[in-house]
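One file, my_file.cif, is given below (mmCIF, N, CA, C and O atoms).
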```cif
data_model
#
loop_
_atom_site.group_PDB
_atom_site.id
_atom_site.type_symbol
_atom_site.label_atom_id
_atom_site.label_comp_id
_atom_site.auth_asym_id
_atom_site.auth_seq_id
_atom_site.Cartn_x
_atom_site.Cartn_y
_atom_site.Cartn_z
ATOM 1 N N ALA A 1 94.417 266.042 115.530
ATOM 2 C CA ALA A 1 95.332 265.015 115.029
ATOM 3 C C ALA A 1 95.325 265.047 113.506
ATOM 4 O O ALA A 1 94.338 265.416 112.885
ATOM 5 N N GLU A 2 96.433 264.645 112.940
ATOM 6 C CA GLU A 2 96.578 264.596 111.490
ATOM 7 C C GLU A 2 97.098 263.214 111.112
ATOM 8 O O GLU A 2 98.020 262.691 111.748
ATOM 9 N N LEU A 3 96.513 262.599 110.102
ATOM 10 C CA LEU A 3 96.933 261.281 109.637
ATOM 11 C C LEU A 3 97.923 261.431 108.489
ATOM 12 O O LEU A 3 97.753 262.283 107.629
ATOM 13 N N SER A 4 98.951 260.575 108.489
ATOM 14 C CA SER A 4 99.930 260.588 107.401
ATOM 15 C C SER A 4 100.209 259.150 106.970
ATOM 16 O O SER A 4 100.671 258.336 107.766
ATOM 17 N N ALA A 5 99.914 258.857 105.717
ATOM 18 C CA ALA A 5 100.207 257.552 105.150
ATOM 19 C C ALA A 5 101.434 257.612 104.244
ATOM 20 O O ALA A 5 101.728 256.649 103.536
ATOM 21 N N ASP A 6 102.159 258.725 104.277
ATOM 22 C CA ASP A 6 103.361 258.895 103.465
ATOM 23 C C ASP A 6 104.423 257.893 103.915
ATOM 24 O O ASP A 6 104.830 257.868 105.081
ATOM 25 N N ARG A 7 104.879 257.053 103.008
ATOM 26 C CA ARG A 7 105.826 255.980 103.313
ATOM 27 C C ARG A 7 107.107 256.503 103.951
ATOM 28 O O ARG A 7 107.599 255.964 104.931
ATOM 29 N N ASP A 8 107.667 257.570 103.407
ATOM 30 C CA ASP A 8 108.917 258.121 103.933
ATOM 31 C C ASP A 8 108.735 258.682 105.342
ATOM 32 O O ASP A 8 109.610 258.532 106.194
ATOM 33 N N PHE A 9 107.599 259.316 105.587
ATOM 34 C CA PHE A 9 107.318 259.844 106.924
ATOM 35 C C PHE A 9 107.204 258.708 107.933
ATOM 36 O O PHE A 9 107.740 258.779 109.037
ATOM 37 N N VAL A 10 106.505 257.644 107.558
ATOM 38 C CA VAL A 10 106.334 256.497 108.448
ATOM 39 C C VAL A 10 107.686 255.842 108.741
ATOM 40 O O VAL A 10 107.987 255.513 109.888
ATOM 41 N N LEU A 11 108.531 255.674 107.733
ATOM 42 C CA LEU A 11 109.858 255.087 107.953
ATOM 43 C C LEU A 11 110.720 255.979 108.839
ATOM 44 O O LEU A 11 111.458 255.487 109.695
ATOM 45 N N ASP A 12 110.624 257.292 108.661
ATOM 46 C CA ASP A 12 111.366 258.207 109.519
ATOM 47 C C ASP A 12 110.885 258.097 110.963
ATOM 48 O O ASP A 12 111.682 258.142 111.897
ATOM 49 N N LEU A 13 109.597 257.928 111.140
ATOM 50 C CA LEU A 13 109.041 257.754 112.476
ATOM 51 C C LEU A 13 109.562 256.460 113.113
ATOM 52 O O LEU A 13 109.959 256.445 114.283
ATOM 53 N N TYR A 14 109.582 255.380 112.345
ATOM 54 C CA TYR A 14 110.161 254.124 112.831
ATOM 55 C C TYR A 14 111.615 254.331 113.258
ATOM 56 O O TYR A 14 112.056 253.825 114.283
ATOM 57 N N LYS A 15 112.366 255.079 112.465
ATOM 58 C CA LYS A 15 113.781 255.322 112.765
ATOM 59 C C LYS A 15 113.936 256.102 114.073
ATOM 60 O O LYS A 15 114.760 255.754 114.923
ATOM 61 N N ARG A 16 113.127 257.153 114.235
ATOM 62 C CA ARG A 16 113.209 257.944 115.475
ATOM 63 C C ARG A 16 112.814 257.114 116.688
ATOM 64 O O ARG A 16 113.414 257.244 117.763
ATOM 65 N N LEU A 17 111.831 256.249 116.535
ATOM 66 C CA LEU A 17 111.421 255.389 117.647
ATOM 67 C C LEU A 17 112.483 254.342 117.971
ATOM 68 O O LEU A 17 112.748 254.051 119.138
ATOM 69 N N ALA A 18 113.113 253.763 116.944
ATOM 70 C CA ALA A 18 114.151 252.760 117.158
ATOM 71 C C ALA A 18 115.369 253.346 117.854
ATOM 72 O O ALA A 18 116.073 252.651 118.586
ATOM 73 N N LYS A 19 115.624 254.628 117.638
ATOM 74 C CA LYS A 19 116.744 255.281 118.316
ATOM 75 C C LYS A 19 116.463 255.470 119.802
ATOM 76 O O LYS A 19 117.378 255.558 120.612
ATOM 77 N N ARG A 20 115.195 255.520 120.163
ATOM 78 C CA ARG A 20 114.821 255.803 121.546
ATOM 79 C C ARG A 20 114.352 254.574 122.326
ATOM 80 O O ARG A 20 114.535 254.486 123.536
ATOM 81 N N TYR A 21 113.715 253.616 121.624
ATOM 82 C CA TYR A 21 113.139 252.437 122.274
ATOM 83 C C TYR A 21 113.706 251.169 121.658
ATOM 84 O O TYR A 21 114.090 251.155 120.501
ATOM 85 N N PRO A 22 113.745 250.063 122.418
ATOM 86 C CA PRO A 22 114.303 248.811 121.891
ATOM 87 C C PRO A 22 113.396 248.158 120.849
ATOM 88 O O PRO A 22 112.335 247.662 121.182
ATOM 89 N N PHE A 23 113.790 248.201 119.597
ATOM 90 C CA PHE A 23 113.089 247.521 118.510
ATOM 91 C C PHE A 23 113.849 246.266 118.096
ATOM 92 O O PHE A 23 113.267 245.292 117.672
ATOM 93 N N PHE A 24 115.179 246.329 118.175
ATOM 94 C CA PHE A 24 116.041 245.240 117.730
ATOM 95 C C PHE A 24 116.802 244.698 118.935
ATOM 96 O O PHE A 24 117.947 245.039 119.142
ATOM 97 N N GLY A 25 116.178 243.911 119.773
ATOM 98 C CA GLY A 25 116.851 243.405 120.959
ATOM 99 C C GLY A 25 116.482 244.197 122.200
ATOM 100 O O GLY A 25 115.518 244.954 122.211
ATOM 101 N N PRO A 26 117.278 244.052 123.263
ATOM 102 C CA PRO A 26 116.908 244.644 124.546
ATOM 103 C C PRO A 26 117.205 246.133 124.692
ATOM 104 O O PRO A 26 116.741 246.759 125.644
ATOM 105 N N ASP A 27 117.973 246.724 123.794
ATOM 106 C CA ASP A 27 118.380 248.120 123.936
ATOM 107 C C ASP A 27 118.001 248.940 122.704
ATOM 108 O O ASP A 27 117.912 248.414 121.598
ATOM 109 N N PRO A 28 117.809 250.254 122.877
ATOM 110 C CA PRO A 28 117.605 251.128 121.715
ATOM 111 C C PRO A 28 118.824 251.114 120.800
ATOM 112 O O PRO A 28 119.920 250.735 121.219
ATOM 113 N N THR A 29 118.646 251.510 119.554
ATOM 114 C CA THR A 29 119.738 251.553 118.581
ATOM 115 C C THR A 29 119.933 252.982 118.095
ATOM 116 O O THR A 29 119.421 253.352 117.038
ATOM 117 N N PRO A 30 120.685 253.801 118.851
ATOM 118 C CA PRO A 30 120.830 255.214 118.495
ATOM 119 C C PRO A 30 121.589 255.445 117.188
ATOM 120 O O PRO A 30 121.453 256.501 116.587
ATOM 121 N N ASP A 31 122.352 254.472 116.728
ATOM 122 C CA ASP A 31 123.132 254.650 115.501
ATOM 123 C C ASP A 31 122.534 253.908 114.303
ATOM 124 O O ASP A 31 123.222 253.645 113.328
ATOM 125 N N ILE A 32 121.246 253.605 114.350
ATOM 126 C CA ILE A 32 120.606 252.859 113.262
ATOM 127 C C ILE A 32 120.577 253.709 111.991
ATOM 128 O O ILE A 32 120.393 254.925 112.044
ATOM 129 N N ASP A 33 120.781 253.068 110.858
ATOM 130 C CA ASP A 33 120.799 253.813 109.596
ATOM 131 C C ASP A 33 119.548 253.508 108.768
ATOM 132 O O ASP A 33 118.734 252.650 109.114
ATOM 133 N N ASP A 34 119.399 254.245 107.666
ATOM 134 C CA ASP A 34 118.218 254.115 106.819
ATOM 135 C C ASP A 34 118.080 252.726 106.211
ATOM 136 O O ASP A 34 116.965 252.223 106.049
ATOM 137 N N GLU A 35 119.204 252.089 105.861
ATOM 138 C CA GLU A 35 119.152 250.749 105.267
ATOM 139 C C GLU A 35 118.585 249.726 106.237
ATOM 140 O O GLU A 35 117.805 248.861 105.852
ATOM 141 N N ALA A 36 118.972 249.818 107.505
ATOM 142 C CA ALA A 36 118.462 248.883 108.508
ATOM 143 C C ALA A 36 116.967 249.085 108.735
ATOM 144 O O ALA A 36 116.215 248.118 108.880
ATOM 145 N N ILE A 37 116.536 250.335 108.756
ATOM 146 C CA ILE A 37 115.114 250.628 108.919
ATOM 147 C C ILE A 37 114.331 250.110 107.715
ATOM 148 O O ILE A 37 113.270 249.504 107.863
ATOM 149 N N GLU A 38 114.856 250.338 106.521
ATOM 150 C CA GLU A 38 114.194 249.855 105.299
ATOM 151 C C GLU A 38 114.085 248.333 105.315
ATOM 152 O O GLU A 38 113.031 247.773 104.987
ATOM 153 N N ALA A 39 115.159 247.651 105.718
ATOM 154 C CA ALA A 39 115.142 246.191 105.751
ATOM 155 C C ALA A 39 114.148 245.659 106.778
ATOM 156 O O ALA A 39 113.469 244.658 106.541
ATOM 157 N N ALA A 40 114.060 246.322 107.916
ATOM 158 C CA ALA A 40 113.199 245.834 108.989
ATOM 159 C C ALA A 40 111.732 246.230 108.793
ATOM 160 O O ALA A 40 110.841 245.439 109.072
ATOM 161 N N PHE A 41 111.472 247.446 108.334
ATOM 162 C CA PHE A 41 110.108 247.958 108.313
ATOM 163 C C PHE A 41 109.604 248.389 106.947
ATOM 164 O O PHE A 41 108.446 248.802 106.826
ATOM 165 N N GLY A 42 110.444 248.328 105.924
ATOM 166 C CA GLY A 42 110.050 248.807 104.606
ATOM 167 C C GLY A 42 108.802 248.154 104.057
ATOM 168 O O GLY A 42 107.946 248.818 103.471
ATOM 169 N N ARG A 43 108.654 246.864 104.279
ATOM 170 C CA ARG A 43 107.480 246.168 103.736
ATOM 171 C C ARG A 43 106.189 246.527 104.472
ATOM 172 O O ARG A 43 105.101 246.287 103.977
ATOM 173 N N TYR A 44 106.309 247.092 105.676
ATOM 174 C CA TYR A 44 105.135 247.474 106.452
ATOM 175 C C TYR A 44 104.764 248.949 106.295
ATOM 176 O O TYR A 44 103.651 249.336 106.624
ATOM 177 N N ALA A 45 105.699 249.758 105.830
ATOM 178 C CA ALA A 45 105.510 251.210 105.827
ATOM 179 C C ALA A 45 104.286 251.646 105.027
ATOM 180 O O ALA A 45 103.571 252.547 105.441
ATOM 181 N N GLU A 46 104.024 251.011 103.909
ATOM 182 C CA GLU A 46 102.887 251.403 103.081
ATOM 183 C C GLU A 46 101.557 250.983 103.694
ATOM 184 O O GLU A 46 100.512 251.504 103.332
ATOM 185 N N LYS A 47 101.592 250.036 104.628
ATOM 186 C CA LYS A 47 100.375 249.539 105.260
ATOM 187 C C LYS A 47 100.067 250.263 106.566
ATOM 188 O O LYS A 47 99.068 249.978 107.204
ATOM 189 N N ASN A 48 100.946 251.180 106.983
ATOM 190 C CA ASN A 48 100.776 251.877 108.254
ATOM 191 C C ASN A 48 100.456 253.340 108.035
ATOM 192 O O ASN A 48 100.850 253.943 107.046
ATOM 193 N N THR A 49 99.747 253.897 108.997
ATOM 194 C CA THR A 49 99.414 255.310 109.005
ATOM 195 C C THR A 49 99.885 255.900 110.322
ATOM 196 O O THR A 49 99.639 255.329 111.386
ATOM 197 N N ALA A 50 100.577 257.003 110.263
ATOM 198 C CA ALA A 50 101.033 257.688 111.474
ATOM 199 C C ALA A 50 99.983 258.715 111.888
ATOM 200 O O ALA A 50 99.369 259.364 111.043
ATOM 201 N N VAL A 51 99.790 258.835 113.181
ATOM 202 C CA VAL A 51 98.879 259.841 113.723
ATOM 203 C C VAL A 51 99.748 260.893 114.407
ATOM 204 O O VAL A 51 100.450 260.601 115.364
ATOM 205 N N VAL A 52 99.704 262.116 113.889
ATOM 206 C CA VAL A 52 100.501 263.209 114.421
ATOM 207 C C VAL A 52 99.592 264.091 115.268
ATOM 208 O O VAL A 52 98.571 264.588 114.783
ATOM 209 N N ILE A 53 99.976 264.240 116.531
ATOM 210 C CA ILE A 53 99.179 265.042 117.451
ATOM 211 C C ILE A 53 99.996 266.244 117.879
ATOM 212 O O ILE A 53 101.104 266.105 118.384
ATOM 213 N N GLU A 54 99.455 267.421 117.659
ATOM 214 C CA GLU A 54 100.093 268.667 118.082
ATOM 215 C C GLU A 54 99.347 269.179 119.313
ATOM 216 O O GLU A 54 98.197 269.619 119.203
ATOM 217 N N PRO A 55 99.968 269.121 120.489
ATOM 218 C CA PRO A 55 99.264 269.579 121.685
ATOM 219 C C PRO A 55 98.997 271.079 121.653
ATOM 220 O O PRO A 55 99.825 271.860 121.185
ATOM 221 N N VAL A 56 97.850 271.461 122.146
ATOM 222 C CA VAL A 56 97.469 272.864 122.236
ATOM 223 C C VAL A 56 97.925 273.420 123.576
ATOM 224 O O VAL A 56 98.393 274.548 123.669
ATOM 225 N N LYS A 57 97.817 272.597 124.617
ATOM 226 C CA LYS A 57 98.186 273.024 125.950
ATOM 227 C C LYS A 57 98.764 271.824 126.700
ATOM 228 O O LYS A 57 98.253 270.723 126.588
ATOM 229 N N VAL A 58 99.837 272.042 127.457
ATOM 230 C CA VAL A 58 100.465 270.985 128.229
ATOM 231 C C VAL A 58 100.431 271.381 129.694
ATOM 232 O O VAL A 58 100.848 272.482 130.068
ATOM 233 N N ILE A 59 99.927 270.478 130.537
ATOM 234 C CA ILE A 59 99.878 270.707 131.971
ATOM 235 C C ILE A 59 100.690 269.602 132.636
ATOM 236 O O ILE A 59 100.506 268.423 132.337
ATOM 237 N N THR A 60 101.615 269.968 133.514
ATOM 238 C CA THR A 60 102.432 268.979 134.209
ATOM 239 C C THR A 60 102.299 269.159 135.711
ATOM 240 O O THR A 60 101.773 270.161 136.194
ATOM 241 N N TRP A 61 102.809 268.181 136.429
ATOM 242 C CA TRP A 61 102.780 268.232 137.877
ATOM 243 C C TRP A 61 104.203 268.094 138.380
ATOM 244 O O TRP A 61 104.927 267.201 137.961
ATOM 245 N N ASP A 62 104.608 268.948 139.289
ATOM 246 C CA ASP A 62 105.944 268.921 139.865
ATOM 247 C C ASP A 62 105.921 268.056 141.132
ATOM 248 O O ASP A 62 105.501 268.498 142.189
ATOM 249 N N HIS A 63 106.365 266.790 140.996
ATOM 250 C CA HIS A 63 106.340 265.851 142.118
ATOM 251 C C HIS A 63 107.329 266.206 143.227
ATOM 252 O O HIS A 63 107.213 265.714 144.339
ATOM 253 N N THR A 64 108.289 267.072 142.942
ATOM 254 C CA THR A 64 109.250 267.438 143.989
ATOM 255 C C THR A 64 108.569 268.232 145.100
ATOM 256 O O THR A 64 109.060 268.252 146.233
ATOM 257 N N LYS A 65 107.470 268.861 144.809
ATOM 258 C CA LYS A 65 106.742 269.620 145.822
ATOM 259 C C LYS A 65 106.045 268.725 146.839
ATOM 260 O O LYS A 65 105.617 269.191 147.888
ATOM 261 N N LEU A 66 105.943 267.440 146.539
ATOM 262 C CA LEU A 66 105.268 266.511 147.444
ATOM 263 C C LEU A 66 106.175 266.023 148.570
ATOM 264 O O LEU A 66 105.735 265.359 149.491
ATOM 265 N N GLY A 67 107.465 266.315 148.457
ATOM 266 C CA GLY A 67 108.406 265.913 149.498
ATOM 267 C C GLY A 67 108.618 264.417 149.606
ATOM 268 O O GLY A 67 108.858 263.883 150.681
ATOM 269 N N GLY A 68 108.517 263.690 148.500
ATOM 270 C CA GLY A 68 108.762 262.248 148.493
ATOM 271 C C GLY A 68 107.547 261.411 148.853
ATOM 272 O O GLY A 68 107.631 260.189 148.917
ATOM 273 N N THR A 69 106.405 262.008 149.132
ATOM 274 C CA THR A 69 105.188 261.248 149.447
ATOM 275 C C THR A 69 104.189 261.391 148.317
ATOM 276 O O THR A 69 104.191 262.372 147.588
ATOM 277 N N TYR A 70 103.357 260.412 148.201
ATOM 278 C CA TYR A 70 102.337 260.446 147.132
ATOM 279 C C TYR A 70 100.963 260.263 147.730
ATOM 280 O O TYR A 70 100.535 259.448 148.315
#
```

Written form, C-alpha cells:
Amino acid sequence: AELSADRDFVLDLYKRLAKRYPFFGPDPTPDIDDEAIEAAFGRYAEKNTAVVIEPVKVITWDHTKLGGTY
C-alpha cells in the first residue's frame, strides 16, 4: 500500500467516488464537476490521506458454476 496526502489526489479520489456512489443524496452524481467537489470536500482534503493498494494477484470465484445453489 502507498499513502498519499496530496490534496489534489484526494479531491480527485472524492470525485471518482461521488460519480460511482451516492455522496449527495440517494443517487451517484456521474456529472459532478470540480467546483462541486471543492465546495463539498475541499476543507477536508488536506486532513485526509488516501491509501492506494495495487493488487499483486486477484482470485475470483465463478458463481455460475454452482447452478444457482450456494

Discussion item. Can you pull out every residue from chain A that DSSP, working from the backbone, puts in strand (DSSP E), and format the result as a list in words?
Written reply: Glu2, Leu3, Ser4, Ala50, Val51 and Val52 of chain A

Discussion item. What's around Tyr44 of chain A at 8 Å? Count only N, CA, C and O atoms, leave out sequence neighbours fewer than 6 positions away in its own chain, and write the answer as a ChimeraX atom specification.
Written reply: /A:7,10-11,37-38

Can you pull out every residue within 12 Å of Tyr14 of chain A, counting only C-alpha atoms, but drop anything in the same chain fewer than 3 positions away, and send it as a CSV table (one decimal) with N, CA, C and O atoms, in the coordinates of the input?
```
chain,number,residue,atom,x,y,z
A,7,ARG,N,104.9,257.1,103.0
A,7,ARG,CA,105.8,256.0,103.3
A,7,ARG,C,107.1,256.5,104.0
A,7,ARG,O,107.6,256.0,104.9
A,8,ASP,N,107.7,257.6,103.4
A,8,ASP,CA,108.9,258.1,103.9
A,8,ASP,C,108.7,258.7,105.3
A,8,ASP,O,109.6,258.5,106.2
A,9,PHE,N,107.6,259.3,105.6
A,9,PHE,CA,107.3,259.8,106.9
A,9,PHE,C,107.2,258.7,107.9
A,9,PHE,O,107.7,258.8,109.0
A,10,VAL,N,106.5,257.6,107.6
A,10,VAL,CA,106.3,256.5,108.4
A,10,VAL,C,107.7,255.8,108.7
A,10,VAL,O,108.0,255.5,109.9
A,11,LEU,N,108.5,255.7,107.7
A,11,LEU,CA,109.9,255.1,108.0
A,11,LEU,C,110.7,256.0,108.8
A,11,LEU,O,111.5,255.5,109.7
A,17,LEU,N,111.8,256.2,116.5
A,17,LEU,CA,111.4,255.4,117.6
A,17,LEU,C,112.5,254.3,118.0
A,17,LEU,O,112.7,254.1,119.1
A,18,ALA,N,113.1,253.8,116.9
A,18,ALA,CA,114.2,252.8,117.2
A,18,ALA,C,115.4,253.3,117.9
A,18,ALA,O,116.1,252.7,118.6
A,19,LYS,N,115.6,254.6,117.6
A,19,LYS,CA,116.7,255.3,118.3
A,19,LYS,C,116.5,255.5,119.8
A,19,LYS,O,117.4,255.6,120.6
A,20,ARG,N,115.2,255.5,120.2
A,20,ARG,CA,114.8,255.8,121.5
A,20,ARG,C,114.4,254.6,122.3
A,20,ARG,O,114.5,254.5,123.5
A,21,TYR,N,113.7,253.6,121.6
A,21,TYR,CA,113.1,252.4,122.3
A,21,TYR,C,113.7,251.2,121.7
A,21,TYR,O,114.1,251.2,120.5
A,22,PRO,N,113.7,250.1,122.4
A,22,PRO,CA,114.3,248.8,121.9
A,22,PRO,C,113.4,248.2,120.8
A,22,PRO,O,112.3,247.7,121.2
A,23,PHE,N,113.8,248.2,119.6
A,23,PHE,CA,113.1,247.5,118.5
A,23,PHE,C,113.8,246.3,118.1
A,23,PHE,O,113.3,245.3,117.7
A,24,PHE,N,115.2,246.3,118.2
A,24,PHE,CA,116.0,245.2,117.7
A,24,PHE,C,116.8,244.7,118.9
A,24,PHE,O,117.9,245.0,119.1
A,28,PRO,N,117.8,250.3,122.9
A,28,PRO,CA,117.6,251.1,121.7
A,28,PRO,C,118.8,251.1,120.8
A,28,PRO,O,119.9,250.7,121.2
A,29,THR,N,118.6,251.5,119.6
A,29,THR,CA,119.7,251.6,118.6
A,29,THR,C,119.9,253.0,118.1
A,29,THR,O,119.4,253.4,117.0
A,32,ILE,N,121.2,253.6,114.4
A,32,ILE,CA,120.6,252.9,113.3
A,32,ILE,C,120.6,253.7,112.0
A,32,ILE,O,120.4,254.9,112.0
A,33,ASP,N,120.8,253.1,110.9
A,33,ASP,CA,120.8,253.8,109.6
A,33,ASP,C,119.5,253.5,108.8
A,33,ASP,O,118.7,252.6,109.1
A,34,ASP,N,119.4,254.2,107.7
A,34,ASP,CA,118.2,254.1,106.8
A,34,ASP,C,118.1,252.7,106.2
A,34,ASP,O,117.0,252.2,106.0
A,36,ALA,N,119.0,249.8,107.5
A,36,ALA,CA,118.5,248.9,108.5
A,36,ALA,C,117.0,249.1,108.7
A,36,ALA,O,116.2,248.1,108.9
A,37,ILE,N,116.5,250.3,108.8
A,37,ILE,CA,115.1,250.6,108.9
A,37,ILE,C,114.3,250.1,107.7
A,37,ILE,O,113.3,249.5,107.9
A,38,GLU,N,114.9,250.3,106.5
A,38,GLU,CA,114.2,249.9,105.3
A,38,GLU,C,114.1,248.3,105.3
A,38,GLU,O,113.0,247.8,105.0
A,39,ALA,N,115.2,247.7,105.7
A,39,ALA,CA,115.1,246.2,105.8
A,39,ALA,C,114.1,245.7,106.8
A,39,ALA,O,113.5,244.7,106.5
A,40,ALA,N,114.1,246.3,107.9
A,40,ALA,CA,113.2,245.8,109.0
A,40,ALA,C,111.7,246.2,108.8
A,40,ALA,O,110.8,245.4,109.1
A,41,PHE,N,111.5,247.4,108.3
A,41,PHE,CA,110.1,248.0,108.3
A,41,PHE,C,109.6,248.4,106.9
A,41,PHE,O,108.4,248.8,106.8
A,42,GLY,N,110.4,248.3,105.9
A,42,GLY,CA,110.0,248.8,104.6
A,42,GLY,C,108.8,248.2,104.1
A,42,GLY,O,107.9,248.8,103.5
A,44,TYR,N,106.3,247.1,105.7
A,44,TYR,CA,105.1,247.5,106.5
A,44,TYR,C,104.8,248.9,106.3
A,44,TYR,O,103.7,249.3,106.6
A,45,ALA,N,105.7,249.8,105.8
A,45,ALA,CA,105.5,251.2,105.8
A,45,ALA,C,104.3,251.6,105.0
A,45,ALA,O,103.6,252.5,105.4
A,48,ASN,N,100.9,251.2,107.0
A,48,ASN,CA,100.8,251.9,108.3
A,48,ASN,C,100.5,253.3,108.0
A,48,ASN,O,100.8,253.9,107.0
A,49,THR,N,99.7,253.9,109.0
A,49,THR,CA,99.4,255.3,109.0
A,49,THR,C,99.9,255.9,110.3
A,49,THR,O,99.6,255.3,111.4
A,50,ALA,N,100.6,257.0,110.3
A,50,ALA,CA,101.0,257.7,111.5
A,50,ALA,C,100.0,258.7,111.9
A,50,ALA,O,99.4,259.4,111.0
```

Worksheet item: What is the distance, in Å and to one decimal place, between atom CA of Val52 of chain A and atom CA of Asp12 of chain A?
Response: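 According to the coordinates, atom CA of Val52 of chain A and atom CA of Asp12 of chain A are separated by 12.9 Å.
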
Worksheet item: Which of these, A:Val56, A:Glu46, A:Leu66, A:Pro30, has the shortest distance to Arg16 of chain A once you count all atoms listed in the file?
Response: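 Of A:Val56, A:Glu46, A:Leu66, A:Pro30, the one nearest Arg16 of chain A, counting all atoms listed in the file, is A:Pro30.
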
Worksheet item: Do you have the atom CA of Lys57 of chain A-atom C of Asp6 of chain A distance handy?
Response: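 Separating atom CA of Lys57 of chain A from atom C of Asp6 of chain A is a distance of 27.4 Å.
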
Please extract the residues of chain A with a backbone DSSP assignment of helix (DSSP H, G or I) and present them as a short mmCIF file (atom, residue, chain, number, x, y, z; two decimals) with N, CA, C and O atoms, in the frame of the given file.
```
data_model
loop_
_atom_site.label_atom_id
_atom_site.label_comp_id
_atom_site.auth_asym_id
_atom_site.auth_seq_id
_atom_site.Cartn_x
_atom_site.Cartn_y
_atom_site.Cartn_z
N ARG A 7 104.88 257.05 103.01
CA ARG A 7 105.83 255.98 103.31
C ARG A 7 107.11 256.50 103.95
O ARG A 7 107.60 255.96 104.93
N ASP A 8 107.67 257.57 103.41
CA ASP A 8 108.92 258.12 103.93
C ASP A 8 108.74 258.68 105.34
O ASP A 8 109.61 258.53 106.19
N PHE A 9 107.60 259.32 105.59
CA PHE A 9 107.32 259.84 106.92
C PHE A 9 107.20 258.71 107.93
O PHE A 9 107.74 258.78 109.04
N VAL A 10 106.50 257.64 107.56
CA VAL A 10 106.33 256.50 108.45
C VAL A 10 107.69 255.84 108.74
O VAL A 10 107.99 255.51 109.89
N LEU A 11 108.53 255.67 107.73
CA LEU A 11 109.86 255.09 107.95
C LEU A 11 110.72 255.98 108.84
O LEU A 11 111.46 255.49 109.70
N ASP A 12 110.62 257.29 108.66
CA ASP A 12 111.37 258.21 109.52
C ASP A 12 110.88 258.10 110.96
O ASP A 12 111.68 258.14 111.90
N LEU A 13 109.60 257.93 111.14
CA LEU A 13 109.04 257.75 112.48
C LEU A 13 109.56 256.46 113.11
O LEU A 13 109.96 256.44 114.28
N TYR A 14 109.58 255.38 112.34
CA TYR A 14 110.16 254.12 112.83
C TYR A 14 111.62 254.33 113.26
O TYR A 14 112.06 253.82 114.28
N LYS A 15 112.37 255.08 112.46
CA LYS A 15 113.78 255.32 112.76
C LYS A 15 113.94 256.10 114.07
O LYS A 15 114.76 255.75 114.92
N ARG A 16 113.13 257.15 114.24
CA ARG A 16 113.21 257.94 115.48
C ARG A 16 112.81 257.11 116.69
O ARG A 16 113.41 257.24 117.76
N LEU A 17 111.83 256.25 116.54
CA LEU A 17 111.42 255.39 117.65
C LEU A 17 112.48 254.34 117.97
O LEU A 17 112.75 254.05 119.14
N ALA A 18 113.11 253.76 116.94
CA ALA A 18 114.15 252.76 117.16
C ALA A 18 115.37 253.35 117.85
O ALA A 18 116.07 252.65 118.59
N LYS A 19 115.62 254.63 117.64
CA LYS A 19 116.74 255.28 118.32
C LYS A 19 116.46 255.47 119.80
O LYS A 19 117.38 255.56 120.61
N ARG A 20 115.20 255.52 120.16
CA ARG A 20 114.82 255.80 121.55
C ARG A 20 114.35 254.57 122.33
O ARG A 20 114.54 254.49 123.54
N ASP A 34 119.40 254.24 107.67
CA ASP A 34 118.22 254.12 106.82
C ASP A 34 118.08 252.73 106.21
O ASP A 34 116.96 252.22 106.05
N GLU A 35 119.20 252.09 105.86
CA GLU A 35 119.15 250.75 105.27
C GLU A 35 118.58 249.73 106.24
O GLU A 35 117.80 248.86 105.85
N ALA A 36 118.97 249.82 107.50
CA ALA A 36 118.46 248.88 108.51
C ALA A 36 116.97 249.08 108.74
O ALA A 36 116.22 248.12 108.88
N ILE A 37 116.54 250.34 108.76
CA ILE A 37 115.11 250.63 108.92
C ILE A 37 114.33 250.11 107.72
O ILE A 37 113.27 249.50 107.86
N GLU A 38 114.86 250.34 106.52
CA GLU A 38 114.19 249.86 105.30
C GLU A 38 114.08 248.33 105.32
O GLU A 38 113.03 247.77 104.99
N ALA A 39 115.16 247.65 105.72
CA ALA A 39 115.14 246.19 105.75
C ALA A 39 114.15 245.66 106.78
O ALA A 39 113.47 244.66 106.54
N ALA A 40 114.06 246.32 107.92
CA ALA A 40 113.20 245.83 108.99
C ALA A 40 111.73 246.23 108.79
O ALA A 40 110.84 245.44 109.07
N PHE A 41 111.47 247.45 108.33
CA PHE A 41 110.11 247.96 108.31
C PHE A 41 109.60 248.39 106.95
O PHE A 41 108.45 248.80 106.83
N GLY A 42 110.44 248.33 105.92
CA GLY A 42 110.05 248.81 104.61
C GLY A 42 108.80 248.15 104.06
O GLY A 42 107.95 248.82 103.47
N ARG A 43 108.65 246.86 104.28
CA ARG A 43 107.48 246.17 103.74
C ARG A 43 106.19 246.53 104.47
O ARG A 43 105.10 246.29 103.98
N TYR A 44 106.31 247.09 105.68
CA TYR A 44 105.14 247.47 106.45
C TYR A 44 104.76 248.95 106.30
O TYR A 44 103.65 249.34 106.62
N ALA A 45 105.70 249.76 105.83
CA ALA A 45 105.51 251.21 105.83
C ALA A 45 104.29 251.65 105.03
O ALA A 45 103.57 252.55 105.44
N HIS A 63 106.36 266.79 141.00
CA HIS A 63 106.34 265.85 142.12
C HIS A 63 107.33 266.21 143.23
O HIS A 63 107.21 265.71 144.34
N THR A 64 108.29 267.07 142.94
CA THR A 64 109.25 267.44 143.99
C THR A 64 108.57 268.23 145.10
O THR A 64 109.06 268.25 146.23
N LYS A 65 107.47 268.86 144.81
CA LYS A 65 106.74 269.62 145.82
C LYS A 65 106.04 268.73 146.84
O LYS A 65 105.62 269.19 147.89
N LEU A 66 105.94 267.44 146.54
CA LEU A 66 105.27 266.51 147.44
C LEU A 66 106.18 266.02 148.57
O LEU A 66 105.74 265.36 149.49
#
```

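When atom N of Arg43 of chain A is paired with atom N of Pro55 of chain A, their separation reads 28.9 Å.
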